[in-house]
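Colleague: My structure is in target29.txt, and what it holds is compact mmCIF, C-alpha atoms and all ligand atoms:
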```
# COMPACT_ATOMS: atom_id res chain seq x y z
CA MET W 145 -1.84 -5.67 -23.84
CA LEU W 146 -0.70 -8.38 -21.40
CA ILE W 147 3.09 -8.56 -21.09
CA LYS W 148 5.10 -11.34 -19.46
CA THR W 149 8.72 -10.33 -20.02
CA ILE W 150 11.01 -7.53 -18.86
CA GLU W 151 12.34 -7.05 -22.39
CA GLU W 152 8.84 -6.39 -23.80
CA VAL W 153 8.12 -3.81 -21.08
CA ARG W 154 11.40 -2.04 -21.75
CA ALA W 155 10.73 -1.96 -25.52
CA LEU W 156 7.20 -0.60 -25.04
CA VAL W 157 8.30 2.09 -22.59
CA ARG W 158 11.17 3.08 -24.89
CA GLU W 159 8.64 3.58 -27.69
CA TRP W 160 6.30 5.62 -25.46
CA LYS W 161 9.19 7.81 -24.26
CA LYS W 162 10.28 8.37 -27.88
CA GLN W 163 6.78 9.73 -28.51
CA GLY W 164 7.19 12.08 -25.54
CA CYS W 165 4.48 10.36 -23.46
CA SER W 166 4.32 10.65 -19.67
CA ILE W 167 4.05 7.25 -17.99
CA GLY W 168 2.01 6.32 -14.93
CA PHE W 169 2.64 3.04 -13.11
CA VAL W 170 0.33 1.18 -10.72
CA PRO W 171 2.05 -1.77 -9.03
CA THR W 172 -0.38 -4.37 -7.64
CA MET W 173 -0.50 -7.95 -6.47
CA GLY W 174 -3.78 -8.49 -8.35
CA ALA W 175 -7.13 -9.43 -6.75
CA LEU W 176 -8.10 -5.95 -7.88
CA HIS W 177 -10.91 -4.17 -6.04
CA GLU W 178 -12.44 -0.68 -6.00
CA GLY W 179 -9.36 0.68 -4.23
CA HIS W 180 -7.08 -0.43 -7.07
CA LEU W 181 -9.56 0.78 -9.67
CA SER W 182 -9.48 4.28 -8.25
CA LEU W 183 -5.64 4.22 -8.44
CA LEU W 184 -5.80 2.98 -12.05
CA LYS W 185 -8.33 5.64 -13.03
CA GLN W 186 -6.31 8.38 -11.37
CA ALA W 187 -3.19 7.19 -13.21
CA VAL W 188 -5.10 7.13 -16.52
CA ALA W 189 -6.38 10.67 -15.90
CA GLU W 190 -2.92 12.04 -15.04
CA ASN W 191 -0.65 10.34 -17.60
CA ASP W 192 -0.43 9.78 -21.38
CA ARG W 193 0.24 6.05 -20.93
CA VAL W 194 -0.38 3.75 -17.97
CA ILE W 195 1.14 0.41 -17.11
CA ALA W 196 -0.03 -1.74 -14.20
CA SER W 197 1.81 -4.72 -12.78
CA VAL W 198 0.06 -7.78 -11.39
CA PHE W 199 2.60 -9.82 -9.46
CA VAL W 200 2.17 -11.68 -6.17
CA ASN W 201 5.61 -10.89 -4.83
CA PRO W 202 7.05 -13.86 -2.92
CA THR W 203 9.78 -11.87 -1.16
CA GLN W 204 7.35 -9.73 0.84
CA PHE W 205 5.52 -12.69 2.46
CA GLY W 206 6.76 -14.28 5.68
CA PRO W 207 7.05 -18.07 5.94
CA ASN W 208 3.70 -18.33 7.77
CA GLU W 209 1.84 -15.82 5.61
CA ASP W 210 -0.65 -16.34 2.78
CA TYR W 211 1.63 -16.35 -0.31
CA ALA W 212 0.37 -19.71 -1.58
CA SER W 213 -3.30 -18.94 -0.96
CA TYR W 214 -3.20 -15.26 -2.03
CA PRO W 215 -6.02 -14.86 -4.61
CA ARG W 216 -4.82 -15.07 -8.24
CA ASP W 217 -7.09 -14.44 -11.24
CA ILE W 218 -5.18 -12.70 -14.01
CA GLN W 219 -8.03 -12.81 -16.54
CA THR W 220 -10.38 -10.87 -14.24
CA ASP W 221 -7.59 -8.47 -13.22
CA TYR W 222 -6.61 -7.90 -16.84
CA SER W 223 -10.24 -7.13 -17.84
CA LEU W 224 -10.56 -4.69 -14.94
CA CYS W 225 -7.34 -2.94 -16.00
CA GLN W 226 -8.59 -2.71 -19.57
CA SER W 227 -11.94 -1.28 -18.47
CA ALA W 228 -10.08 1.35 -16.40
CA GLY W 229 -8.19 2.44 -19.54
CA VAL W 230 -4.79 0.94 -18.67
CA ASP W 231 -2.52 0.52 -21.73
CA ALA W 232 -0.44 -2.45 -20.60
CA VAL W 233 -0.38 -5.00 -17.78
CA PHE W 234 2.94 -6.54 -16.76
CA HIS W 235 2.34 -10.01 -15.32
CA PRO W 236 5.71 -11.77 -14.97
CA GLU W 237 6.35 -15.24 -13.58
CA PRO W 238 8.45 -15.16 -10.38
CA GLU W 239 11.42 -16.60 -12.34
CA GLU W 240 11.30 -13.64 -14.75
CA LEU W 241 11.88 -11.16 -11.91
CA TYR W 242 13.96 -13.21 -9.48
CA LEU W 243 17.17 -14.92 -10.56
CA PRO W 244 18.22 -17.96 -8.51
CA ASN W 245 21.57 -16.49 -7.43
CA ARG W 246 20.37 -12.98 -6.63
CA ALA W 247 22.46 -11.32 -3.92
CA THR W 248 21.01 -7.81 -3.58
CA THR W 249 18.69 -6.53 -0.88
CA VAL W 250 17.02 -3.14 -0.42
CA HIS W 251 16.47 -2.08 3.18
CA VAL W 252 15.07 1.24 4.38
CA THR W 253 16.16 1.63 8.00
CA GLY W 254 14.05 3.06 10.81
CA LEU W 255 10.73 3.44 9.03
CA THR W 256 10.48 -0.32 8.57
CA ASP W 257 11.05 -1.26 12.26
CA VAL W 258 7.69 0.05 13.45
CA LEU W 259 3.96 -0.61 12.86
CA CYS W 260 3.50 -3.50 10.36
CA GLY W 261 7.27 -3.72 9.86
CA ALA W 262 7.76 -4.70 13.50
CA LYS W 263 5.17 -7.49 13.11
CA ARG W 264 6.25 -8.68 9.65
CA PRO W 265 10.07 -8.88 9.64
CA GLY W 266 11.48 -8.64 6.12
CA HIS W 267 8.16 -7.60 4.60
CA PHE W 268 9.26 -4.11 3.56
CA ASP W 269 12.62 -5.43 2.29
CA GLY W 270 10.59 -7.55 -0.13
CA VAL W 271 8.37 -4.60 -1.08
CA CYS W 272 11.41 -2.35 -1.66
CA LEU W 273 13.25 -5.03 -3.63
CA VAL W 274 10.37 -5.67 -6.01
CA LEU W 275 9.57 -1.97 -6.42
CA SER W 276 13.25 -1.14 -7.12
CA LYS W 277 13.16 -3.73 -9.87
CA LEU W 278 9.80 -2.58 -11.24
CA PHE W 279 10.79 1.10 -11.15
CA SER W 280 14.00 0.31 -13.01
CA ILE W 281 12.14 -1.81 -15.60
CA VAL W 282 9.16 0.52 -16.14
CA ASN W 283 10.94 3.83 -15.52
CA PRO W 284 7.64 5.68 -14.86
CA ASP W 285 7.13 9.38 -14.20
CA ARG W 286 4.54 8.69 -11.50
CA ALA W 287 3.74 5.65 -9.36
CA TYR W 288 0.43 5.26 -7.53
CA PHE W 289 -0.17 3.69 -4.11
CA GLY W 290 -3.14 3.45 -1.78
CA GLN W 291 -2.92 5.51 1.41
CA LYS W 292 -4.45 2.53 3.25
CA ASP W 293 -0.92 1.09 3.29
CA ALA W 294 0.39 4.31 4.83
CA GLN W 295 3.65 2.75 6.03
CA GLN W 296 4.32 1.38 2.55
CA VAL W 297 3.82 4.88 1.12
CA ALA W 298 6.23 6.42 3.64
CA VAL W 299 8.85 3.70 3.08
CA VAL W 300 8.59 3.89 -0.74
CA ARG W 301 8.84 7.70 -0.66
CA ARG W 302 12.03 7.46 1.40
CA MET W 303 13.52 4.76 -0.85
CA VAL W 304 12.72 6.75 -4.00
CA ARG W 305 14.30 9.85 -2.46
CA ASP W 306 17.38 8.06 -1.12
CA LEU W 307 18.04 6.11 -4.34
CA ASN W 308 17.13 8.95 -6.74
CA PHE W 309 14.61 6.92 -8.70
CA GLY W 310 13.12 10.11 -10.09
CA VAL W 311 9.57 8.78 -9.70
CA ASP W 312 6.79 10.89 -8.27
CA VAL W 313 5.13 8.75 -5.55
CA ILE W 314 1.41 9.53 -5.42
CA ALA W 315 -0.77 8.36 -2.53
CA SER W 316 -4.49 8.07 -3.20
CA PRO W 317 -7.14 8.32 -0.49
CA ILE W 318 -8.51 5.16 1.14
CA VAL W 319 -11.52 3.71 -0.69
CA ARG W 320 -14.19 2.36 1.65
CA GLU W 321 -17.12 0.00 1.31
CA ALA W 322 -20.59 1.18 2.32
CA GLY W 323 -20.38 1.21 6.12
CA GLY W 324 -16.77 2.38 6.08
CA LEU W 325 -14.66 -0.78 5.90
CA ALA W 326 -11.47 0.03 3.95
CA ARG W 327 -11.30 -1.96 0.69
CA SER W 328 -8.76 -4.78 0.86
CA SER W 329 -8.20 -8.03 -1.00
CA ARG W 330 -8.19 -9.69 2.42
CA ASN W 331 -11.81 -8.61 3.16
CA ALA W 332 -12.78 -11.68 1.11
CA TYR W 333 -11.51 -13.87 3.97
CA LEU W 334 -13.96 -12.34 6.53
CA SER W 335 -17.18 -14.06 7.66
CA ALA W 336 -20.34 -11.90 7.70
CA GLU W 337 -20.00 -11.45 11.50
CA GLU W 338 -16.32 -10.52 11.25
CA LYS W 339 -17.07 -8.05 8.48
CA ALA W 340 -19.75 -6.35 10.61
CA ALA W 341 -17.37 -6.30 13.59
CA ALA W 342 -14.58 -4.79 11.46
CA LEU W 343 -16.62 -1.60 10.99
CA VAL W 344 -15.27 -0.63 14.42
CA LEU W 345 -11.99 0.32 12.73
CA ASN W 346 -13.37 3.16 10.64
CA ARG W 347 -15.74 4.16 13.46
CA SER W 348 -12.96 4.54 16.02
CA LEU W 349 -10.59 6.27 13.57
CA SER W 350 -13.31 8.71 12.45
CA ARG W 351 -13.94 9.60 16.09
CA ALA W 352 -10.22 10.14 16.59
CA LEU W 353 -10.13 12.44 13.55
CA GLN W 354 -13.11 14.40 14.86
CA ALA W 355 -11.45 14.74 18.27
CA MET W 356 -8.23 16.03 16.67
CA GLN W 357 -10.18 18.39 14.42
CA SER W 358 -11.91 19.70 17.54
CA GLY W 359 -8.54 20.50 19.13
CA GLU W 360 -7.38 17.33 20.90
CA ARG W 361 -3.55 17.17 20.68
CA SER W 362 -2.67 14.40 23.12
CA ALA W 363 -1.33 11.44 21.13
CA ASP W 364 -1.65 9.25 24.23
CA LEU W 365 -5.30 10.05 24.69
CA ILE W 366 -6.11 9.45 21.02
CA ARG W 367 -4.21 6.14 21.08
CA ARG W 368 -6.07 5.02 24.24
CA GLN W 369 -9.50 6.06 22.94
CA VAL W 370 -9.06 4.20 19.64
CA ALA W 371 -7.68 1.10 21.40
CA ASP W 372 -10.54 1.09 23.96
CA GLN W 373 -13.21 1.35 21.27
CA ILE W 374 -11.69 -1.49 19.24
CA ALA W 375 -11.11 -3.66 22.32
CA ALA W 376 -14.81 -3.33 23.18
CA GLU W 377 -15.63 -5.29 19.99
CA PRO W 378 -15.58 -8.99 21.02
CA LEU W 379 -14.41 -10.31 17.60
CA ALA W 380 -11.49 -7.87 17.40
CA ARG W 381 -7.96 -8.75 18.54
CA ILE W 382 -5.64 -5.73 18.43
CA ASP W 383 -2.23 -6.17 16.82
CA TYR W 384 -1.32 -2.50 17.26
CA VAL W 385 -2.86 0.95 17.68
CA GLU W 386 -0.29 3.72 17.16
CA VAL W 387 -0.06 7.47 16.73
CA VAL W 388 3.13 8.18 14.74
CA ASP W 389 4.79 11.04 12.90
CA PHE W 390 3.41 11.09 9.35
CA GLU W 391 6.87 11.29 7.75
CA ASP W 392 9.33 9.27 9.85
CA LEU W 393 6.72 7.01 11.53
CA ARG W 394 8.26 7.48 15.01
CA PRO W 395 5.70 7.24 17.86
CA VAL W 396 4.49 10.69 18.89
CA GLN W 397 5.30 11.45 22.53
CA GLY W 398 3.55 14.41 24.14
CA PRO W 399 1.42 16.85 22.18
CA MET W 400 1.15 16.64 18.39
CA THR W 401 3.02 19.43 16.61
CA ARG W 402 3.44 17.88 13.15
CA PRO W 403 1.15 15.83 10.88
CA VAL W 404 0.37 12.46 12.44
CA LEU W 405 -0.78 9.07 11.28
CA VAL W 406 -3.18 7.15 13.52
CA ALA W 407 -2.70 3.56 12.36
CA VAL W 408 -4.28 0.30 13.48
CA ALA W 409 -3.82 -3.39 12.69
CA VAL W 410 -6.47 -5.70 14.08
CA PHE W 411 -7.26 -9.40 13.67
CA PHE W 412 -10.80 -10.58 13.01
CA GLY W 413 -10.52 -14.35 13.23
CA THR W 414 -7.32 -15.11 11.33
CA THR W 415 -7.64 -12.09 9.02
CA ARG W 416 -5.47 -9.10 9.85
CA LEU W 417 -6.85 -5.74 8.69
CA ILE W 418 -5.14 -2.36 8.68
CA ASP W 419 -6.63 1.13 8.54
CA ASN W 420 -5.55 4.68 9.33
CA VAL W 421 -6.31 8.38 9.35
CA VAL W 422 -3.93 11.28 8.82
CA PHE W 423 -4.22 14.61 10.59
CA GLY W 424 -2.17 17.75 10.29
CA PRO W 425 -2.34 19.72 13.54
CA GLU W 426 -1.56 22.90 11.65
CA LEU W 427 -5.21 22.54 10.54
CA GLU W 428 -4.55 20.75 7.30
CA VAL W 429 -6.50 17.46 7.20
CA ARG W 430 -5.51 15.09 4.38
O1 LIG O 501 0.69 -2.93 -2.07
C1 LIG O 501 0.93 -3.95 -2.75
O2 LIG O 501 0.03 -4.54 -3.34
C2 LIG O 501 2.35 -4.47 -2.84
O3 LIG O 501 3.04 -4.28 -1.65
C3 LIG O 501 3.12 -3.88 -4.02
C4 LIG O 501 3.31 -2.38 -3.87
C5 LIG O 501 2.41 -4.17 -5.32
C6 LIG O 501 4.53 -4.52 -4.10
O4 LIG O 501 4.44 -5.89 -4.32
```
Here is a file; write its structure as structure tokens.

Modeller:
Amino acid sequence: MLIKTIEEVRALVREWKKQGCSIGFVPTMGALHEGHLSLLKQAVAENDRVIASVFVNPTQFGPNEDYASYPRDIQTDYSLCQSAGVDAVFHPEPEELYLPNRATTVHVTGLTDVLCGAKRPGHFDGVCLVLSKLFSIVNPDRAYFGQKDAQQVAVVRRMVRDLNFGVDVIASPIVREAGGLARSSRNAYLSAEEKAAALVLNRSLSRALQAMQSGERSADLIRRQVADQIAAEPLARIDYVEVVDFEDLRPVQGPMTRPVLVAVAVFFGTTRLIDNVVFGPELEVR
């Protein structure tokens, strides 16, 4: 079922809750790929009812970003959701979600000043605003996010905790194409040469993971090794390479003693890709 209004979502969810159903929610901006499909399938497997949203959220794009050109194809997205077993797709118009005189912002401090947040001012405020609205409309038991956007997961977890949304935030592993490139809607913008060059991201991060699994604990060394390998690729232009604390996203100084996130953002032509690995020095690798 394709739903356009907040009222219809609320009525449907009310009905499901009356029946005692657990509700999984997968928020997306559409242009669904294998990564989204694995989130949808996981949600379908773990909940009685699943609702997905397809909404290109204007408030999380900067003035010079690709809001206008972001790929939109609701019919294809809707069919993919149906084939994954999703019960309802919420696809509102921007005016349905955003009132002209809105005056409320949602800002998670600290975690949003680093990594992508430092490069995309206001981006996570837009993500948190739209998710606050969607969580309050859908009122799900569980919400599913891709671990590829590791900072988004950390920020959403903190917001959900701080604002008592009562939603279980579930992060699903990164889905990769053959060759290792992390699935992203933005991969469609890459030329064949850029796509081949972008394999350096997974290659360098996998080596970092191996090094950490073999006992390397110097965050500086890991950061330098990943940056050097990426910089050796002529089509790559590094935006950032960071080793940060998995939970609060602060840069790790000195030896690693807690789980870390090794995160990169790299331009290939005009397309900016992100990727990451997580490592728990107490031997747990996620
Ligand atoms: O990850 C995304 O696609 C978006 O940031 C999200 C979570 C759907 C919010 O618009």

Colleague: Using only C-alpha atoms, pick whichever of W:Arg301, W:Arg367, W:Lys185, W:Arg154 has the shortest atom-to-atom distance to Cys272 of chain W.

Modeller: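 Among W:Arg301, W:Arg367, W:Lys185, W:Arg154, it is W:Arg301 that comes nearest to Cys272 of chain W.
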
Colleague: Check which residues fall inside 6 Å of ligand LIG 501 (chain O) when counting all atoms listed in the file, and print them as a PDB file with C-alpha atoms, keeping the file's coordinate frame.

Modeller:
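The new file selection33.pdb reads:
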```pdb
ATOM      1  CA  PRO W 171       2.050  -1.770  -9.030  1.00  0.00           C
ATOM      2  CA  THR W 172      -0.380  -4.370  -7.640  1.00  0.00           C
ATOM      3  CA  MET W 173      -0.500  -7.950  -6.470  1.00  0.00           C
ATOM      4  CA  ASN W 201       5.610 -10.890  -4.830  1.00  0.00           C
ATOM      5  CA  VAL W 271       8.370  -4.600  -1.080  1.00  0.00           C
TER       6      VAL W 271
END
```

Colleague: For Leu365 of chain W, please output as a compact mmCIF listing (two decimals) with C-alpha atoms, keeping the file's coordinate frame all residues within 12 Å (counting all atoms listed in the file; exclusion window: fewer than 4 positions along the same chain).

Modeller:
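Final output, selection_18.txt:
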```
# COMPACT_ATOMS: atom_id res chain seq x y z
CA ALA W 352 -10.22 10.14 16.59
CA ALA W 355 -11.45 14.74 18.27
CA MET W 356 -8.23 16.03 16.67
CA GLU W 360 -7.38 17.33 20.90
CA ARG W 361 -3.55 17.17 20.68
CA GLN W 369 -9.50 6.06 22.94
CA VAL W 370 -9.06 4.20 19.64
CA ALA W 371 -7.68 1.10 21.40
CA ASP W 372 -10.54 1.09 23.96
CA VAL W 385 -2.86 0.95 17.68
CA GLU W 386 -0.29 3.72 17.16
CA VAL W 387 -0.06 7.47 16.73
CA VAL W 396 4.49 10.69 18.89
CA GLN W 397 5.30 11.45 22.53
CA GLY W 398 3.55 14.41 24.14
CA PRO W 399 1.42 16.85 22.18
CA MET W 400 1.15 16.64 18.39
CA VAL W 406 -3.18 7.15 13.52
```

Colleague: Which is closest to Arg305 of chain W among W:Cys225, W:Val388, W:Val344, W:Val252, if we use only C-alpha atoms?

Modeller: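 Among the listed residues, W:Val252 lies closest to Arg305 of chain W.
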
Colleague: With only C-alpha atoms as the atoms that count, which of W:His180, W:Arg416, W:Arg302, W:Arg330 lies nearest to Leu255 of chain W?

Modeller: W:Arg302

Colleague: Write out as a PyMOL selection string which residues come within 10 Å of segment 233-241 of chain W when counting only C-alpha atoms, dropping same-chain ones fewer than 3 positions away.

Modeller: chain W and resi 145-150+152-153+169-174+194-203+218+221-222+225-226+230+244+274+277-278+282

Colleague: Could you tell me which of W:Leu224, W:Val188, W:Val258, W:Ile382 comes closest to Val410 of chain W if we count only C-alpha atoms?

Modeller: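 Closest residue, counting only C-alpha atoms: W:Ile382.
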
Colleague: At a cut-off of 12 Å, using only C-alpha atoms, what residues contact Ala326 of chain W? Leave out same-chain residues fewer than 6 positions from it and give the result as a list in words.

Modeller: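 Surrounding residues, per the criterion: His177, Glu178, Gly179, His180, Gly290, Gln291, Lys292, Asp293, Pro317, Ile318, Val319, Arg320, Lys339, Ala342, Leu343, Val344, Leu345, Asn346, Arg347, Leu349, Val408, Leu417, Ile418, Asp419, Asn420 and Val421 of chain W.
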
Colleague: Using only C-alpha atoms, pick whichever of W:Leu243, W:Ala175, W:Leu156, W:Leu393 has the shortest atom-to-atom distance to Val297 of chain W.

Modeller: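 Checking each of W:Leu243, W:Ala175, W:Leu156, W:Leu393 against Val297 of chain W, counting only C-alpha atoms, the winner is W:Leu393.
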
Colleague: May I have the residues within 9 Å of Val313 of chain W as number ranges by chain, using all atoms listed in the file and disregarding those fewer than 4 positions away in the same chain?

Modeller: W: 285-289, 297, 300-301, 304

Colleague: For His267 of chain W, work out the shell of residues within 12 Å, counting only C-alpha atoms and skipping chain neighbours fewer than 2 positions away, then give it as a PyMOL selection string.

Modeller: chain W and resi 201-207+209+211+249-252+256-265+269-274+295-296+299

Colleague: So how far away is atom CA of Asp231 of chain W from atom CA of Asn331 of chain W, in Å?

Modeller: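 Between these atoms lies a distance of 28.1 Å.
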
Colleague: One number please: atom CA of Arg158 of chain W to atom CA of Ser276 of chain W, in Å, one decimal.

Modeller: 18.4 Å

Colleague: If I take atom CA of Phe309 of chain W and atom CA of Pro284 of chain W, how far is one from the other in Å, to one decimal?

Modeller: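 Those two atoms sit 9.4 Å apart.
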
Colleague: Calculated over only C-alpha atoms, which of the candidates W:Ser362, W:Gly324, W:Tyr333, W:Gly229 has the smallest distance to Phe411 of chain W?

Modeller: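 Closest candidate: W:Tyr333.
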